[in-house]
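Data block below; observations after.
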Amino acid sequence: MLQSDVLIRNAHIVDGTGNPWFHGDVALAGDRIMAITRPGQLAPEQAAEVVDASGLVVCPGFIDILSHSILSLMRDGRCLSKITQGVTTEIMGEDWTPAPFGGRMDQHELDRVPFFDQMPEWRARIPTWRNFRDWFDAMLDVGVSPNIGSFLGGGAVRQYAMGGAMGEPDGDQLAVMRRVTAEAMEQGALGVSYALIYPPSAYTSTAEIAEVCKVVRRHHGIYITHLRSEADGLLEGLDEALAIGRAADLPVQIYHLKAAGQRNWPKMAQVIERIDRARADGLDVTADMYPYTGAGTGLTSVLPPWADADNQLYENLRDPARRAKIRAEALDPSGGWEAMVSLCGTDGVMPVGFHKPENQPYVGKRLAEIAAMRNQEWVDAAIDLLVAEGQRISTIYFMMDEANVRRQLQLPWVMVGTDAGGVDPAWAQALGPTHPRGYGSYPRILGKYVRDEGVLPLEDAVRKMSSAVAQRLGIRNRGLLREGYFADVVLFDPATIGDRATFEAPHQLSAGVRDVWVNGVRVLRNGEHTGATPGRAVERPNGLSA
């Protein structure tokens, strides 16, 4: 008889393919799935541990295609708020990666990275990470619970070659971008990622991105993007992404698909039609999303991107002449950038990420309230607070349509991501409120949208969270419950799974995920983290293997 380490018995098996669930047993041996059978075919006495899964669902671990756990994993490798959602793999790198470090990058820019004042040892190490693999090796040496993978941050590529300068790269600078990209791809990057509303990526042209993407294509990676606009210029932003995919002949992934601002909600139908048409014409384009109507980014996004030219945002805000110019553009946007206040109004802007004690009374209040409390116009309140804090001030923007969220979840080419890092509320509460998506995205879908409202079937929801992402990224032997695959396995209660985190009280772990294994090692037992850190690197088939 076969000897297994763990035998999960009498489960509803949802294997990640999208096929209907079936009753069965799953055996784990070492870091792999040893067998999947009908109930009772595997002898319990041949297993070191037997887990009764009666009434529970067993499925592949979820792969978060849009994770921001770079910094939080440096602080706490357990990744608690993600593991308790069933996430077993974190895919990072939206626009910024801490490696490779060098070129025109300024070490003082690390002072602007959140939490680094609390992590001096990591801040000191990053300038030594001269190639992409240095970062991964450092994380794995310390130990992390989830598997980790990453795109190369397009903003980091540009900073390496040009610093924070605006304008087109010259021939030498473009050559540096190509070289840095090729080296990162050879060292395991999954592709290149740009967030085109944030400096310095906001300064890139379509042609520049396409040139970088041609290098990515030679290494069989993909282009993943936060569109240049998700609001008034949504359709144009989408067309640009599709044009880059065609010019560089590589797959395109749209980060956190949305139509922002009530006046733009009807555009989602056109977005879906254009993506369907592009796919019918042969362009490999897909998207991901999180299941909330509030978006999260910095309060800096109420200001035009050029305010941060040459990485001088706070200096520019202190200069009276430059401040006046920035202020005028924020109040009366000329176009070409995502003017957040014009999309959701000052009542739809909720700054939450204040660090200084004197600003704590503003946490969770709307920008309109804050301005009234300070007896200022909203733009002056925002600028003064940014200058005082010296950091971007994490902010919630309420600007999406619930009907669009439901419609997007049903699309076959849409996957799920959190757009958040994994944290422990025990220490994260001291950092102030945050977006609830980091605690509840996957259980929210499985509870609210699958069980309670029937927006999509359980099997398709699990597929969007697991195998669809693994296939998209070219990650082998993960994302499915299949014999011989890595044992990234989740056991949850379909009757109780759900999110608890809210915008008002976000630091609450989700409910319903009982047990989680990563590479065959249990990291969650009866809802409690075991402290195990078995995570490995995940890469493309032609990259370095885990």
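Chains: A, B, ... in order of the structure tokens. Residues: from 1 per chain. Ligands: from 1, in order shown.
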* To do: Output as a PyMOL selection string all residues of range 262-300 of chain A that backbone DSSP marks as strand (DSSP E).
  => chain A and resi 285-289+294-298
* Contact residues around Asp249 in chain A with only C-alpha atoms at 10 Å, ignoring same-chain residues under 3 positions, as a PyMOL selection string -> chain A and resi 210+213-214+216-218+222+243-246+252+283-284
Now that the selection is made, can you save its residues with C-alpha atoms as a PDB file, in the first residue's frame?
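So selection37.pdb came out as:
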ATOM      1  CA  ALA A 210       6.525  48.202 -26.229  1.00  0.00           C
ATOM      2  CA  CYS A 213       7.928  44.243 -23.715  1.00  0.00           C
ATOM      3  CA  LYS A 214       9.751  42.938 -26.800  1.00  0.00           C
ATOM      4  CA  VAL A 216       9.917  40.180 -22.169  1.00  0.00           C
ATOM      5  CA  ARG A 217       8.432  38.368 -25.127  1.00  0.00           C
ATOM      6  CA  ARG A 218      11.777  36.801 -26.046  1.00  0.00           C
ATOM      7  CA  ILE A 222       3.704  38.646 -20.175  1.00  0.00           C
ATOM      8  CA  ALA A 243      -1.681  48.052 -28.876  1.00  0.00           C
ATOM      9  CA  ILE A 244       1.364  47.204 -26.736  1.00  0.00           C
ATOM     10  CA  GLY A 245       0.405  43.530 -26.798  1.00  0.00           C
ATOM     11  CA  ARG A 246       0.159  43.593 -30.577  1.00  0.00           C
ATOM     12  CA  VAL A 252      -1.543  41.168 -21.885  1.00  0.00           C
ATOM     13  CA  LEU A 283      -4.687  38.671 -28.962  1.00  0.00           C
ATOM     14  CA  ASP A 284      -4.139  36.851 -25.655  1.00  0.00           C
TER      15      ASP A 284
END
* Contacts of Phe354 in chain A at 9 Å or less, counting only C-alpha atoms, minus same-chain residues fewer than 6 places along, as number ranges by chain? -> A: 360, 362-363, 385, 389, 391, 393-394, 431-433
* Counting only C-alpha atoms, which of A:Arg32, A:Arg472, A:His219, A:Arg78 gets nearest to Asp488 in chain A? ->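 Closest candidate: A:Arg32.
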Assign secondary structure with DSSP using the backbone only, and return the residues of range 354-410 of chain A in helix (DSSP H, G or I) as a PDB file with C-alpha atoms, in the first residue's frame.
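Below you can see part_32.pdb, which holds the result:
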ATOM      1  CA  PRO A 357      -0.037  61.307  16.088  1.00  0.00           C
ATOM      2  CA  GLU A 358      -1.393  64.796  15.451  1.00  0.00           C
ATOM      3  CA  ASN A 359      -3.142  63.572  12.286  1.00  0.00           C
ATOM      4  CA  GLN A 360      -4.875  60.544  13.836  1.00  0.00           C
ATOM      5  CA  PRO A 361      -8.186  62.460  14.317  1.00  0.00           C
ATOM      6  CA  TYR A 362      -8.506  62.452  10.508  1.00  0.00           C
ATOM      7  CA  LEU A 367     -11.721  64.567   2.692  1.00  0.00           C
ATOM      8  CA  ALA A 368     -14.671  66.964   2.825  1.00  0.00           C
ATOM      9  CA  GLU A 369     -14.888  66.479   6.620  1.00  0.00           C
ATOM     10  CA  ILE A 370     -11.137  66.880   7.049  1.00  0.00           C
ATOM     11  CA  ALA A 371     -11.127  70.117   5.077  1.00  0.00           C
ATOM     12  CA  ALA A 372     -14.008  71.454   7.180  1.00  0.00           C
ATOM     13  CA  MET A 373     -12.215  70.469  10.401  1.00  0.00           C
ATOM     14  CA  ARG A 374      -9.153  72.385   9.214  1.00  0.00           C
ATOM     15  CA  TRP A 378      -9.913  70.352   0.166  1.00  0.00           C
ATOM     16  CA  VAL A 379      -6.856  70.780  -2.027  1.00  0.00           C
ATOM     17  CA  ASP A 380      -5.024  72.828   0.596  1.00  0.00           C
ATOM     18  CA  ALA A 381      -5.884  70.307   3.289  1.00  0.00           C
ATOM     19  CA  ALA A 382      -4.584  67.472   1.101  1.00  0.00           C
ATOM     20  CA  ILE A 383      -1.351  69.271   0.219  1.00  0.00           C
ATOM     21  CA  ASP A 384      -0.632  70.360   3.785  1.00  0.00           C
ATOM     22  CA  LEU A 385      -1.218  66.847   5.108  1.00  0.00           C
ATOM     23  CA  LEU A 386       1.020  65.290   2.463  1.00  0.00           C
ATOM     24  CA  VAL A 387       3.796  67.738   3.313  1.00  0.00           C
ATOM     25  CA  ALA A 388       3.371  67.129   7.031  1.00  0.00           C
ATOM     26  CA  GLU A 389       3.372  63.356   6.668  1.00  0.00           C
ATOM     27  CA  GLU A 402     -21.601  46.892  -7.581  1.00  0.00           C
ATOM     28  CA  ALA A 403     -23.408  45.763 -10.740  1.00  0.00           C
ATOM     29  CA  ASN A 404     -20.119  45.887 -12.640  1.00  0.00           C
ATOM     30  CA  VAL A 405     -18.387  43.868  -9.906  1.00  0.00           C
ATOM     31  CA  ARG A 406     -20.975  41.116 -10.329  1.00  0.00           C
ATOM     32  CA  ARG A 407     -20.775  41.200 -14.111  1.00  0.00           C
ATOM     33  CA  GLN A 408     -16.980  41.037 -14.129  1.00  0.00           C
ATOM     34  CA  LEU A 409     -16.911  38.051 -11.766  1.00  0.00           C
TER      35      LEU A 409
END
With only C-alpha atoms counted and 10 Å as the cut-off, give the residues of range 211-262 of chain A in contact with range 285-303 of chain A, each with its shortest interatomic distance in Å and the pair that gives it, as CSV.
residue,atom,partner,partner_atom,distance
A:Ile222,CA,A:Val285,CA,9.8
A:Tyr223,CA,A:Val285,CA,9.6
A:Ile224,CA,A:Ala287,CA,8.9
A:Thr225,CA,A:Ala287,CA,9.5
A:Ala241,CA,A:Val285,CA,9.2
A:Leu242,CA,A:Val285,CA,7.7
A:Gly245,CA,A:Val285,CA,8.2
A:Leu250,CA,A:Val285,CA,9.1
A:Pro251,CA,A:Val285,CA,5.9
A:Val252,CA,A:Val285,CA,4.7
A:Gln253,CA,A:Thr286,CA,5.0
A:Ile254,CA,A:Ala287,CA,4.4
A:Tyr255,CA,A:Asp288,CA,5.6
A:His256,CA,A:Met289,CA,4.0
A:Leu257,CA,A:Met289,CA,5.4
A:Lys258,CA,A:Met289,CA,7.6
A:Ala260,CA,A:Ala295,CA,8.8
* **Non-local contacts of Tyr439 in chain A (9 Å; only C-alpha atoms; under 6 positions in same chain excluded) as a PyMOL selection string** => chain A and resi 80-82+84-85+418+420-423+499-501+506-510
* Asked: Closest to Phe486 in chain A among A:Thr88, A:Asn519, A:Gln187, A:Ser54, using only C-alpha atoms?
  ->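 Nearest to Phe486 in chain A: A:Asn519.
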